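Chemist: Sharing input38.pdb below, PDB, C-alpha atoms and all ligand atoms:
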```pdb
ATOM      1  CA  MET A   1     -20.801   4.609   5.697
ATOM      2  CA  GLY A   2     -18.664   3.040   2.999
ATOM      3  CA  ILE A   3     -14.981   3.715   2.611
ATOM      4  CA  ARG A   4     -14.489   6.321  -0.100
ATOM      5  CA  THR A   5     -10.987   7.663   0.448
ATOM      6  CA  ALA A   6      -7.601   5.971   0.427
ATOM      7  CA  VAL A   7      -4.317   7.488   1.553
ATOM      8  CA  PHE A   8      -1.065   6.406  -0.082
ATOM      9  CA  PRO A   9       2.058   7.458   1.823
ATOM     10  CA  VAL A  10       4.715   7.847  -0.889
ATOM     11  CA  GLY A  11       7.151  10.210   0.769
ATOM     12  CA  GLY A  12       9.917   7.716   1.573
ATOM     13  CA  LEU A  13      13.446   8.189   0.264
ATOM     14  CA  GLY A  14      13.726   4.629  -1.010
ATOM     15  CA  THR A  15      17.359   4.355   0.024
ATOM     16  CA  ARG A  16      17.262   0.541  -0.152
ATOM     17  CA  PHE A  17      17.024   0.841  -3.929
ATOM     18  CA  LEU A  18      19.787   3.347  -4.562
ATOM     19  CA  PRO A  19      21.056   4.223  -7.081
ATOM     20  CA  ALA A  20      17.767   3.455  -8.922
ATOM     21  CA  THR A  21      15.843   5.763  -6.579
ATOM     22  CA  LYS A  22      18.178   8.763  -6.820
ATOM     23  CA  ALA A  23      15.941  10.528  -9.358
ATOM     24  CA  VAL A  24      13.041   8.062  -9.616
ATOM     25  CA  PRO A  25      10.602   7.543  -6.711
ATOM     26  CA  LYS A  26      10.725   3.956  -5.427
ATOM     27  CA  GLU A  27       6.953   3.762  -5.946
ATOM     28  CA  MET A  28       7.576   4.211  -9.678
ATOM     29  CA  LEU A  29       9.866   1.168  -9.978
ATOM     30  CA  PRO A  30       8.101  -1.272 -12.289
ATOM     31  CA  VAL A  31       6.908  -4.732 -11.364
ATOM     32  CA  VAL A  32       7.027  -6.243 -14.852
ATOM     33  CA  ASP A  33       5.742  -3.143 -16.667
ATOM     34  CA  LYS A  34       3.579  -1.306 -14.151
ATOM     35  CA  PRO A  35       4.813   0.974 -11.373
ATOM     36  CA  LEU A  36       4.433  -0.384  -7.860
ATOM     37  CA  ILE A  37       2.106   2.450  -6.833
ATOM     38  CA  GLN A  38      -0.331   1.612  -9.630
ATOM     39  CA  TYR A  39      -0.921  -1.866  -8.172
ATOM     40  CA  ALA A  40      -1.969  -0.262  -4.873
ATOM     41  CA  VAL A  41      -4.147   2.325  -6.607
ATOM     42  CA  GLU A  42      -5.849  -0.358  -8.707
ATOM     43  CA  GLU A  43      -6.406  -2.522  -5.632
ATOM     44  CA  ALA A  44      -8.097   0.435  -3.905
ATOM     45  CA  ARG A  45     -10.111   1.329  -7.000
ATOM     46  CA  ASP A  46     -11.279  -2.267  -7.419
ATOM     47  CA  ALA A  47     -12.326  -2.291  -3.756
ATOM     48  CA  GLY A  48     -14.572   0.730  -4.415
ATOM     49  CA  ILE A  49     -12.328   3.646  -3.402
ATOM     50  CA  GLU A  50     -13.178   6.911  -5.194
ATOM     51  CA  ASN A  51     -10.769   9.469  -3.722
ATOM     52  CA  PHE A  52      -7.020   8.927  -3.870
ATOM     53  CA  VAL A  53      -4.781  10.968  -1.575
ATOM     54  CA  PHE A  54      -1.021  10.743  -2.028
ATOM     55  CA  VAL A  55       1.278  11.988   0.703
ATOM     56  CA  THR A  56       4.357  12.908  -1.284
ATOM     57  CA  ALA A  57       7.685  14.605  -0.746
ATOM     58  CA  HIS A  58      10.363  16.396  -2.687
ATOM     59  CA  GLY A  59      11.324  14.447  -5.804
ATOM     60  CA  LYS A  60       8.012  12.607  -6.205
ATOM     61  CA  ALA A  61       6.638  14.552  -9.188
ATOM     62  CA  ALA A  62       6.719  11.385 -11.314
ATOM     63  CA  VAL A  63       3.949   9.894  -9.130
ATOM     64  CA  GLU A  64       1.724  12.899  -9.791
ATOM     65  CA  ASN A  65       2.491  12.834 -13.517
ATOM     66  CA  HIS A  66       1.769   9.123 -13.700
ATOM     67  CA  PHE A  67      -1.822   9.549 -12.545
ATOM     68  CA  ASP A  68      -2.373  12.509 -14.853
ATOM     69  CA  ARG A  69      -3.195  12.350 -18.565
ATOM     70  CA  ASN A  70      -0.335  12.767 -21.053
ATOM     71  CA  ALA A  71      -1.960  14.452 -24.059
ATOM     72  CA  GLU A  72       1.146  14.273 -26.245
ATOM     73  CA  LEU A  73       1.617  10.544 -25.665
ATOM     74  CA  GLU A  74      -2.087   9.842 -26.161
ATOM     75  CA  ARG A  75      -2.123  11.804 -29.428
ATOM     76  CA  ALA A  76       0.910   9.944 -30.762
ATOM     77  CA  LEU A  77      -0.572   6.540 -29.889
ATOM     78  CA  ARG A  78      -3.938   7.507 -31.401
ATOM     79  CA  GLU A  79      -2.275   8.656 -34.635
ATOM     80  CA  ARG A  80      -0.428   5.364 -34.856
ATOM     81  CA  GLY A  81      -3.610   3.406 -34.198
ATOM     82  CA  GLN A  82      -2.037   1.776 -31.129
ATOM     83  CA  ASP A  83      -5.257   1.481 -29.166
ATOM     84  CA  ASP A  84      -3.952  -1.269 -26.890
ATOM     85  CA  LEU A  85      -1.102   0.973 -25.743
ATOM     86  CA  LEU A  86      -3.435   3.952 -25.509
ATOM     87  CA  GLU A  87      -5.451   2.021 -22.973
ATOM     88  CA  LEU A  88      -2.293   1.485 -20.894
ATOM     89  CA  ALA A  89      -1.418   5.188 -21.034
ATOM     90  CA  ILE A  90      -4.541   6.059 -19.040
ATOM     91  CA  VAL A  91      -4.921   4.664 -15.524
ATOM     92  CA  ALA A  92      -8.583   3.657 -15.333
ATOM     93  CA  GLY A  93     -10.397   5.148 -12.352
ATOM     94  CA  THR A  94      -8.290   8.317 -12.195
ATOM     95  CA  VAL A  95     -11.033  10.926 -12.334
ATOM     96  CA  PRO A  96     -10.192  14.653 -12.419
ATOM     97  CA  GLY A  97     -10.531  16.180  -8.967
ATOM     98  CA  ARG A  98     -10.305  12.840  -7.195
ATOM     99  CA  MET A  99      -6.518  12.549  -7.146
ATOM    100  CA  SER A 100      -5.035  14.725  -4.404
ATOM    101  CA  TYR A 101      -1.460  15.338  -3.435
ATOM    102  CA  VAL A 102      -0.157  16.736  -0.186
ATOM    103  CA  ARG A 103       3.482  17.154   0.819
ATOM    104  CA  GLN A 104       4.726  15.497   3.984
ATOM    105  CA  MET A 105       7.355  18.269   4.364
ATOM    106  CA  ASP A 106       9.160  16.513   7.255
ATOM    107  CA  ALA A 107      10.242  12.854   7.219
ATOM    108  CA  LEU A 108       8.862  12.063  10.682
ATOM    109  CA  GLY A 109       7.463   8.579  10.037
ATOM    110  CA  LEU A 110       4.410   6.742   8.719
ATOM    111  CA  GLY A 111       2.085   8.179  11.372
ATOM    112  CA  HIS A 112       3.124  11.672  10.419
ATOM    113  CA  ALA A 113       2.567  10.901   6.717
ATOM    114  CA  VAL A 114      -0.998   9.729   7.415
ATOM    115  CA  TRP A 115      -1.642  12.797   9.601
ATOM    116  CA  CYS A 116      -0.634  15.027   6.676
ATOM    117  CA  ALA A 117      -3.772  13.774   4.864
ATOM    118  CA  ARG A 118      -6.078  14.882   7.704
ATOM    119  CA  ASN A 119      -7.746  17.684   5.735
ATOM    120  CA  LEU A 120      -8.447  15.423   2.766
ATOM    121  CA  ILE A 121     -10.373  12.560   4.390
ATOM    122  CA  ALA A 122     -13.660  14.447   4.958
ATOM    123  CA  ASP A 123     -13.746  13.264   8.597
ATOM    124  CA  GLU A 124     -14.789   9.782   7.427
ATOM    125  CA  PRO A 125     -13.222   6.356   7.962
ATOM    126  CA  PHE A 126     -10.499   5.970   5.346
ATOM    127  CA  ALA A 127      -8.097   3.390   3.961
ATOM    128  CA  VAL A 128      -4.304   3.480   3.988
ATOM    129  CA  LEU A 129      -2.283   1.400   1.530
ATOM    130  CA  LEU A 130       1.491   1.004   1.620
ATOM    131  CA  ALA A 131       2.564   0.468  -1.975
ATOM    132  CA  ASP A 132       5.712  -1.482  -1.168
ATOM    133  CA  GLU A 133       3.524  -4.271   0.217
ATOM    134  CA  LEU A 134       2.203  -5.856  -2.984
ATOM    135  CA  LEU A 135      -0.755  -8.034  -1.987
ATOM    136  CA  ARG A 136      -2.598 -10.228  -4.459
ATOM    137  CA  GLY A 137      -5.778 -12.256  -4.252
ATOM    138  CA  ASP A 138      -8.847 -13.436  -6.119
ATOM    139  CA  ARG A 139     -10.459 -10.177  -5.023
ATOM    140  CA  PRO A 140      -8.718  -6.953  -4.011
ATOM    141  CA  PRO A 141      -7.245  -7.614  -0.534
ATOM    142  CA  LEU A 142      -8.503  -4.219   0.694
ATOM    143  CA  ALA A 143     -12.070  -5.383  -0.034
ATOM    144  CA  ASP A 144     -11.769  -7.984   2.762
ATOM    145  CA  LEU A 145     -11.042  -5.177   5.238
ATOM    146  CA  ILE A 146     -13.908  -3.076   3.917
ATOM    147  CA  ASP A 147     -16.258  -6.054   4.379
ATOM    148  CA  VAL A 148     -15.299  -6.366   8.050
ATOM    149  CA  HIS A 149     -15.670  -2.614   8.502
ATOM    150  CA  THR A 150     -19.122  -2.731   6.911
ATOM    151  CA  GLU A 151     -20.123  -5.550   9.221
ATOM    152  CA  VAL A 152     -18.744  -4.430  12.580
ATOM    153  CA  GLY A 153     -17.336  -0.923  12.018
ATOM    154  CA  GLY A 154     -14.234   0.400  13.726
ATOM    155  CA  ASN A 155     -10.661  -0.153  12.644
ATOM    156  CA  VAL A 156      -9.469  -3.051  10.494
ATOM    157  CA  ILE A 157      -5.967  -4.021   9.406
ATOM    158  CA  SER A 158      -4.447  -6.731   7.246
ATOM    159  CA  VAL A 159      -1.954  -9.171   8.774
ATOM    160  CA  ILE A 160       0.107 -12.171   7.786
ATOM    161  CA  GLU A 161       1.998 -14.628   9.974
ATOM    162  CA  VAL A 162       5.728 -13.980   9.886
ATOM    163  CA  PRO A 163       8.587 -16.004  11.384
ATOM    164  CA  GLN A 164       9.295 -15.103  15.023
ATOM    165  CA  ASP A 165      12.684 -13.620  14.146
ATOM    166  CA  ALA A 166      11.057 -11.270  11.615
ATOM    167  CA  THR A 167       8.603  -9.730  14.104
ATOM    168  CA  GLY A 168      11.064  -6.899  14.773
ATOM    169  CA  SER A 169      10.354  -5.476  11.318
ATOM    170  CA  TYR A 170       6.587  -5.037  11.685
ATOM    171  CA  GLY A 171       3.680  -3.786  13.682
ATOM    172  CA  ILE A 172       2.630  -6.879  15.691
ATOM    173  CA  VAL A 173      -0.846  -7.735  16.991
ATOM    174  CA  THR A 174      -1.832  -9.067  20.409
ATOM    175  CA  PRO A 175      -4.667 -11.363  19.321
ATOM    176  CA  GLY A 176      -7.968 -11.889  21.089
ATOM    177  CA  VAL A 177     -10.737 -14.116  19.756
ATOM    178  CA  ILE A 178      -9.904 -15.613  16.344
ATOM    179  CA  ASN A 179     -12.835 -16.361  14.033
ATOM    180  CA  GLY A 180     -11.726 -17.840  10.714
ATOM    181  CA  ARG A 181      -9.508 -15.188   9.117
ATOM    182  CA  THR A 182     -10.686 -12.418  11.445
ATOM    183  CA  ILE A 183      -8.787 -11.683  14.652
ATOM    184  CA  GLU A 184      -9.861  -9.413  17.461
ATOM    185  CA  VAL A 185      -7.011  -6.961  18.085
ATOM    186  CA  LYS A 186      -6.240  -6.548  21.799
ATOM    187  CA  GLY A 187      -2.937  -4.763  21.410
ATOM    188  CA  LEU A 188      -0.444  -3.498  18.855
ATOM    189  CA  VAL A 189       3.270  -2.890  19.132
ATOM    190  CA  GLU A 190       5.657  -1.485  16.527
ATOM    191  CA  LYS A 191       8.793  -3.488  15.774
ATOM    192  CA  PRO A 192       9.066  -5.396  19.068
ATOM    193  CA  ASP A 193      12.153  -7.289  20.080
ATOM    194  CA  PRO A 194      11.309 -10.780  18.708
ATOM    195  CA  ALA A 195      11.703 -12.201  22.219
ATOM    196  CA  ASP A 196       8.852  -9.926  23.393
ATOM    197  CA  ALA A 197       6.586 -10.156  20.322
ATOM    198  CA  PRO A 198       2.990 -10.823  21.430
ATOM    199  CA  SER A 199       2.322 -12.990  18.346
ATOM    200  CA  ARG A 200       3.582 -13.574  14.826
ATOM    201  CA  TYR A 201       0.671 -11.638  13.258
ATOM    202  CA  ALA A 202       2.289  -8.736  11.410
ATOM    203  CA  ALA A 203       0.602  -5.723   9.821
ATOM    204  CA  VAL A 204       1.152  -5.698   6.063
ATOM    205  CA  GLY A 205       0.277  -2.232   4.934
ATOM    206  CA  ARG A 206      -3.519  -2.230   4.559
ATOM    207  CA  TYR A 207      -5.613  -0.304   7.044
ATOM    208  CA  ILE A 208      -9.165   0.978   7.524
ATOM    209  CA  LEU A 209      -9.022   3.676  10.170
ATOM    210  CA  GLU A 210     -11.548   5.798  11.990
ATOM    211  CA  PRO A 211     -10.920   9.517  11.450
ATOM    212  CA  GLY A 212     -10.333   9.991  15.189
ATOM    213  CA  ILE A 213      -6.821   8.636  14.677
ATOM    214  CA  MET A 214      -5.832  11.973  13.156
ATOM    215  CA  SER A 215      -6.007  13.900  16.434
ATOM    216  CA  LEU A 216      -3.942  11.184  18.153
ATOM    217  CA  LEU A 217      -1.337  11.367  15.392
ATOM    218  CA  GLY A 218      -1.380  15.150  15.729
ATOM    219  CA  GLU A 219      -0.044  14.847  19.277
ATOM    220  CA  GLY A 220       3.214  13.884  17.633
ATOM    221  CA  HIS A 221       4.403  11.230  20.101
ATOM    222  CA  ARG A 222       7.626   9.582  18.969
ATOM    223  CA  GLY A 223       7.851   5.801  19.055
ATOM    224  CA  ALA A 224      10.125   3.114  17.603
ATOM    225  CA  GLY A 225      13.084   4.617  15.752
ATOM    226  CA  GLY A 226      12.178   8.097  17.048
ATOM    227  CA  GLU A 227       9.358   8.274  14.461
ATOM    228  CA  ILE A 228       5.669   9.142  14.783
ATOM    229  CA  GLN A 229       4.305   5.620  14.396
ATOM    230  CA  LEU A 230       0.894   4.775  12.951
ATOM    231  CA  THR A 231       0.955   1.613  15.071
ATOM    232  CA  ASP A 232       1.199   3.589  18.332
ATOM    233  CA  ALA A 233      -1.816   5.752  17.468
ATOM    234  CA  MET A 234      -3.774   2.642  16.366
ATOM    235  CA  ALA A 235      -2.967   0.985  19.695
ATOM    236  CA  ARG A 236      -4.632   3.913  21.474
ATOM    237  CA  LEU A 237      -7.848   3.324  19.479
ATOM    238  CA  ILE A 238      -8.231  -0.190  20.880
ATOM    239  CA  GLY A 239     -11.116  -0.398  23.313
ATOM    240  CA  GLY A 240     -12.813   2.743  22.040
ATOM    241  CA  ALA A 241     -14.185   1.074  18.913
ATOM    242  CA  PRO A 242     -14.035  -2.433  17.423
ATOM    243  CA  PHE A 243     -10.558  -3.316  16.152
ATOM    244  CA  HIS A 244      -9.962  -6.332  13.947
ATOM    245  CA  ALA A 245      -7.217  -7.843  11.849
ATOM    246  CA  VAL A 246      -7.901  -9.912   8.744
ATOM    247  CA  ILE A 247      -5.371 -12.561   7.768
ATOM    248  CA  HIS A 248      -4.344 -11.949   4.160
ATOM    249  CA  ASP A 249      -4.479 -15.335   2.465
ATOM    250  CA  GLY A 250      -3.148 -14.556  -1.013
ATOM    251  CA  PRO A 251       0.377 -13.967  -2.276
ATOM    252  CA  ARG A 252       2.306 -11.107  -0.680
ATOM    253  CA  TYR A 253       5.523  -9.577  -1.957
ATOM    254  CA  ASP A 254       7.635  -7.316   0.220
ATOM    255  CA  CYS A 255       8.692  -4.896  -2.486
ATOM    256  CA  GLY A 256      10.517  -2.766   0.061
ATOM    257  CA  MET A 257      13.275  -5.383  -0.083
ATOM    258  CA  LYS A 258      15.326  -6.337  -3.142
ATOM    259  CA  VAL A 259      14.534 -10.050  -2.976
ATOM    260  CA  GLY A 260      10.801  -9.449  -2.501
ATOM    261  CA  PHE A 261      10.775  -6.929  -5.338
ATOM    262  CA  LEU A 262      12.559  -9.335  -7.681
ATOM    263  CA  GLU A 263      10.248 -12.165  -6.560
ATOM    264  CA  ALA A 264       7.225 -10.002  -7.424
ATOM    265  CA  ASN A 265       8.631  -9.324 -10.865
ATOM    266  CA  VAL A 266       9.228 -13.004 -11.559
ATOM    267  CA  ALA A 267       5.935 -14.193 -10.057
ATOM    268  CA  LEU A 268       3.777 -11.645 -11.873
ATOM    269  CA  ALA A 269       5.632 -12.200 -15.150
ATOM    270  CA  LEU A 270       5.060 -15.962 -14.828
ATOM    271  CA  GLU A 271       1.295 -15.295 -14.458
ATOM    272  CA  ARG A 272       1.127 -13.367 -17.712
ATOM    273  CA  ASP A 273      -0.170 -14.998 -20.888
ATOM    274  CA  ASP A 274       2.170 -12.916 -23.034
ATOM    275  CA  LEU A 275       5.317 -13.517 -20.956
ATOM    276  CA  GLY A 276       4.933 -16.519 -18.670
ATOM    277  CA  ALA A 277       6.304 -19.246 -20.946
ATOM    278  CA  ASP A 278       9.295 -17.182 -22.084
ATOM    279  CA  VAL A 279      10.143 -16.115 -18.537
ATOM    280  CA  ALA A 280       9.885 -19.703 -17.281
ATOM    281  CA  ALA A 281      12.194 -20.896 -20.062
ATOM    282  CA  THR A 282      14.617 -18.075 -19.301
ATOM    283  CA  LEU A 283      14.666 -18.915 -15.592
ATOM    284  CA  ARG A 284      15.317 -22.587 -16.326
ATOM    285  CA  ARG A 285      18.257 -21.571 -18.511
ATOM    286  CA  LEU A 286      19.690 -19.238 -15.880
ATOM    287  CA  LEU A 287      19.359 -21.564 -12.908
ATOM    288  CA  PRO A 288      22.225 -23.970 -12.299
TER     289      PRO A 288
HETATM  290  C1  LIG A 301       5.580  -0.065   8.320
HETATM  291  C2  LIG A 301       4.732  -0.054   9.590
HETATM  292  C3  LIG A 301       4.680  -1.455  10.203
HETATM  293  C4  LIG A 301       4.171  -2.444   9.176
HETATM  294  C5  LIG A 301       5.059  -2.385   7.920
HETATM  295  C6  LIG A 301       4.515  -3.264   6.815
HETATM  296  O1  LIG A 301       6.917  -0.289   8.681
HETATM  297  O2  LIG A 301       5.283   0.875  10.509
HETATM  298  O3  LIG A 301       3.819  -1.447  11.317
HETATM  299  O4  LIG A 301       4.166  -3.749   9.727
HETATM  300  O5  LIG A 301       5.139  -1.047   7.401
HETATM  301  O6  LIG A 301       5.391  -3.325   5.746
HETATM  302  P1  LIG A 301       8.163   0.015   7.692
HETATM  303  O7  LIG A 301       8.293  -1.200   6.820
HETATM  304  O8  LIG A 301       7.805   1.233   6.907
HETATM  305  O9  LIG A 301       9.335   0.216   8.578
END
```
Could I get this structure in the form of structure tokens?
Ligand code: G1P

Modeler:
Amino acid sequence: MGIRTAVFPVGGLGTRFLPATKAVPKEMLPVVDKPLIQYAVEEARDAGIENFVFVTAHGKAAVENHFDRNAELERALRERGQDDLLELAIVAGTVPGRMSYVRQMDALGLGHAVWCARNLIADEPFAVLLADELLRGDRPPLADLIDVHTEVGGNVISVIEVPQDATGSYGIVTPGVINGRTIEVKGLVEKPDPADAPSRYAAVGRYILEPGIMSLLGEGHRGAGGEIQLTDAMARLIGGAPFHAVIHDGPRYDCGMKVGFLEANVALALERDDLGADVAATLRRLLP
């Protein structure tokens, strides 16, 4: 069966971006002129996802409003004949009844956030996208994972190679057979001590998961940092069903960090026909 549902955990406090994130969810911070979360939603939509489940928390109403219609704004733009802006005011692919929101209620970690979506995935394999990992490519990066799932089934995650000393910030794969960009996953460990990291293949926030992970997450085991870790539950799926990682080969911006977020803004602005030349000239002026 195809992958129809994607889960977007957006419950985090975003403390790395204070004070900007005091009243604005970090997922709503713009990269150029589009909120971070919209890039993830568009990636999922372009990969064929139909149902969008957001795991939110207190203070995240702006996310819900963003994927709703704004009749007043649309009317004003229509009256002014600003059709180009009108198009931007509506997120394509956001169909009534297919955007769902569930509150995480307790900040117990990524695994707990995913578990909170358990009643909204229709007991089917589902995708998870972490919005602060902004992945780009000629085709939506999630589509590569869906292809592998279609071919061999089971669980599929996206990885990149990180420097050894960065392995402590990620879920790290123990690789088996490597076939082009596809790696057999033999083990997974969350945020290992770099000296013990089984490889430099790090999970970068794109997952296709079998629904059976929900009951494992529901056991509530605490892992790294005292949190309920998605990685730990994924590790327990290995052996029961195929488990593969796909090496993401396009640009990747870690928008959970200030430098990565600023890099994404510059890189995506430079790509734009309407901004690229001006931004390049501005950067040249600013740089020593
Ligand atoms: C989470 C996951 C980790 C993954 C990372 C990707 O960690 O727990 O396995 O590698 O996202 O960004 P976090 O960055 O939320 O601590």

Chemist: In Å, with one decimal, what is the gap from CA of Val266 (chain A) to CA of Ala143 (chain A)?

Modeler: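 Separation between CA of Val266 (chain A) and CA of Ala143 (chain A): 25.4 Å.
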
Chemist: At a cut-off of 6 Å and counting only C-alpha atoms and all ligand atoms, what residues surround ligand LIG 301 (chain A)? Please answer as a list in words.

Modeler: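 For ligand LIG 301 (chain A), the residues inside 6 Å are Glu133, Tyr170, Gly171, Glu190, Ala202, Ala203, Val204, Gly205 and Thr231 of chain A.
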
Chemist: Please evaluate the PyMOL selection byres (((chain A and resi 20-30) around 9) and not hetatm) against the displayed coordinates and give the resulting residues as a tab-separated table (two decimals) with C-alpha atoms, in the coordinates of the input.

Modeler:
```
chain	number	residue	atom	x	y	z
A	10	VAL	CA	4.72	7.85	-0.89
A	11	GLY	CA	7.15	10.21	0.77
A	12	GLY	CA	9.92	7.72	1.57
A	13	LEU	CA	13.45	8.19	0.26
A	14	GLY	CA	13.73	4.63	-1.01
A	15	THR	CA	17.36	4.36	0.02
A	16	ARG	CA	17.26	0.54	-0.15
A	17	PHE	CA	17.02	0.84	-3.93
A	18	LEU	CA	19.79	3.35	-4.56
A	19	PRO	CA	21.06	4.22	-7.08
A	31	VAL	CA	6.91	-4.73	-11.36
A	32	VAL	CA	7.03	-6.24	-14.85
A	33	ASP	CA	5.74	-3.14	-16.67
A	34	LYS	CA	3.58	-1.31	-14.15
A	35	PRO	CA	4.81	0.97	-11.37
A	36	LEU	CA	4.43	-0.38	-7.86
A	37	ILE	CA	2.11	2.45	-6.83
A	38	GLN	CA	-0.33	1.61	-9.63
A	59	GLY	CA	11.32	14.45	-5.80
A	60	LYS	CA	8.01	12.61	-6.20
A	61	ALA	CA	6.64	14.55	-9.19
A	62	ALA	CA	6.72	11.38	-11.31
A	63	VAL	CA	3.95	9.89	-9.13
A	66	HIS	CA	1.77	9.12	-13.70
A	131	ALA	CA	2.56	0.47	-1.98
A	132	ASP	CA	5.71	-1.48	-1.17
A	256	GLY	CA	10.52	-2.77	0.06
A	265	ASN	CA	8.63	-9.32	-10.86
```

Chemist: I need the residue nearest Phe52 (chain A) from this list: A:Asn65, A:Thr94, A:Asn70, A:Gln229. Use only C-alpha atoms for the distance.

Modeler: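 The closest residue to Phe52 (chain A) is A:Thr94.
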
Chemist: Could you give me, as a Markdown table, every region 181-208 of chain A residue with an atom at most 9 Å from region 157-167 of chain A, plus its closest atom pair and distance in Å to one decimal, counting all atoms listed in the file, rows ordered by chain then number?

Modeler:
```
| residue | atom | partner | partner_atom | distance |
| --- | --- | --- | --- | --- |
| A:Lys191 | CA | A:Thr167 | CA | 6.5 |
| A:Pro192 | CA | A:Thr167 | CA | 6.6 |
| A:Asp193 | CA | A:Thr167 | CA | 7.4 |
| A:Pro194 | CA | A:Thr167 | CA | 5.4 |
| A:Ala195 | CA | A:Gln164 | CA | 8.1 |
| A:Ala197 | CA | A:Thr167 | CA | 6.6 |
| A:Ser199 | CA | A:Gln164 | CA | 8.0 |
| A:Arg200 | CA | A:Glu161 | CA | 5.2 |
| A:Tyr201 | CA | A:Glu161 | CA | 4.6 |
| A:Ala202 | CA | A:Val159 | CA | 5.0 |
| A:Ala203 | CA | A:Val159 | CA | 4.4 |
| A:Val204 | CA | A:Val159 | CA | 5.4 |
| A:Gly205 | CA | A:Ser158 | CA | 6.9 |
| A:Arg206 | CA | A:Ser158 | CA | 5.3 |
| A:Tyr207 | CA | A:Ile157 | CA | 4.4 |
| A:Ile208 | CA | A:Ile157 | CA | 6.2 |
```

Chemist: Do a neighbour search on Cys255 (chain A) at 8 Å with all atoms listed in the file, toss out local chain neighbours closer than 4 positions, and write the hits as a VMD selection string.

Modeler: chain A and resid 132 to 134 259 to 262 264

Chemist: Between CA of Pro125 (chain A) and CA of Val102 (chain A), what is the distance in Å, rounded to a tenth?

Modeler: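 Pair CA of Pro125 (chain A) / CA of Val102 (chain A) returns 18.6 Å.
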
Chemist: Pick out the residues sitting within 12 Å of Glu87 (chain A), and hand them over as a list in words; count all atoms listed in the file, and ignore anything fewer than 2 positions along from it in its own chain.

Modeler: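 The residues that qualify are Arg69, Leu73, Glu74, Leu77, Arg78, Gly81, Gln82, Asp83, Asp84, Leu85, Ala89, Ile90, Val91 and Ala92 of chain A.
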
Chemist: Please provide as a list in words all residues within 8 Å of Glu210 (chain A), with the sequence filter that same-chain residues fewer than 2 positions apart are discarded (counting all atoms listed in the file).

Modeler: Glu124, Pro125, Phe126, Gly154, Asn155, Ile208, Gly212 and Ile213 of chain A

Chemist: Output as AutoDock Vina command-line options the centre and edge lengths (Å, one decimal) of the box along x, y and z of the file that holds every listed atom of region 190-208 of chain A after adding 8 Å on each side.

Modeler:
```
--center_x 1.5 --center_y -6.3 --center_z 14.0 --size_x 37.3 --size_y 30.6 --size_z 34.8
```

Chemist: With N, CA and C atoms as the target, complete region 246-259 of chain A and hand it back as a CSV table (one decimal), in the frame of the given file.

Modeler:
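Result file follows (out_30.csv):
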```
chain,number,residue,atom,x,y,z
A,246,VAL,N,-7.5,-8.9,9.7
A,246,VAL,CA,-7.9,-9.9,8.7
A,246,VAL,C,-6.6,-10.5,8.2
A,247,ILE,N,-6.6,-11.9,8.3
A,247,ILE,CA,-5.4,-12.6,7.8
A,247,ILE,C,-5.4,-12.6,6.2
A,248,HIS,N,-4.4,-12.0,5.6
A,248,HIS,CA,-4.3,-11.9,4.2
A,248,HIS,C,-3.9,-13.4,3.7
A,249,ASP,N,-4.8,-13.9,2.8
A,249,ASP,CA,-4.5,-15.3,2.5
A,249,ASP,C,-4.0,-15.5,1.0
A,250,GLY,N,-3.7,-14.4,0.3
A,250,GLY,CA,-3.1,-14.6,-1.0
A,250,GLY,C,-1.6,-14.3,-1.0
A,251,PRO,N,-1.1,-14.3,-2.2
A,251,PRO,CA,0.4,-14.0,-2.3
A,251,PRO,C,0.7,-12.6,-1.8
A,252,ARG,N,1.9,-12.4,-1.2
A,252,ARG,CA,2.3,-11.1,-0.7
A,252,ARG,C,3.8,-11.0,-1.0
A,253,TYR,N,4.1,-9.8,-1.6
A,253,TYR,CA,5.5,-9.6,-2.0
A,253,TYR,C,6.0,-8.3,-1.2
A,254,ASP,N,7.1,-8.5,-0.5
A,254,ASP,CA,7.6,-7.3,0.2
A,254,ASP,C,8.5,-6.5,-0.7
A,255,CYS,N,7.9,-5.6,-1.5
A,255,CYS,CA,8.7,-4.9,-2.5
A,255,CYS,C,9.5,-3.8,-1.9
A,256,GLY,N,9.6,-3.7,-0.6
A,256,GLY,CA,10.5,-2.8,0.1
A,256,GLY,C,11.9,-3.4,0.2
A,257,MET,N,12.0,-4.7,-0.1
A,257,MET,CA,13.3,-5.4,-0.1
A,257,MET,C,13.6,-5.9,-1.5
A,258,LYS,N,14.9,-6.0,-1.8
A,258,LYS,CA,15.3,-6.3,-3.1
A,258,LYS,C,14.8,-7.7,-3.5
A,259,VAL,N,14.9,-8.7,-2.6
A,259,VAL,CA,14.5,-10.0,-3.0
A,259,VAL,C,13.0,-10.1,-3.2
```
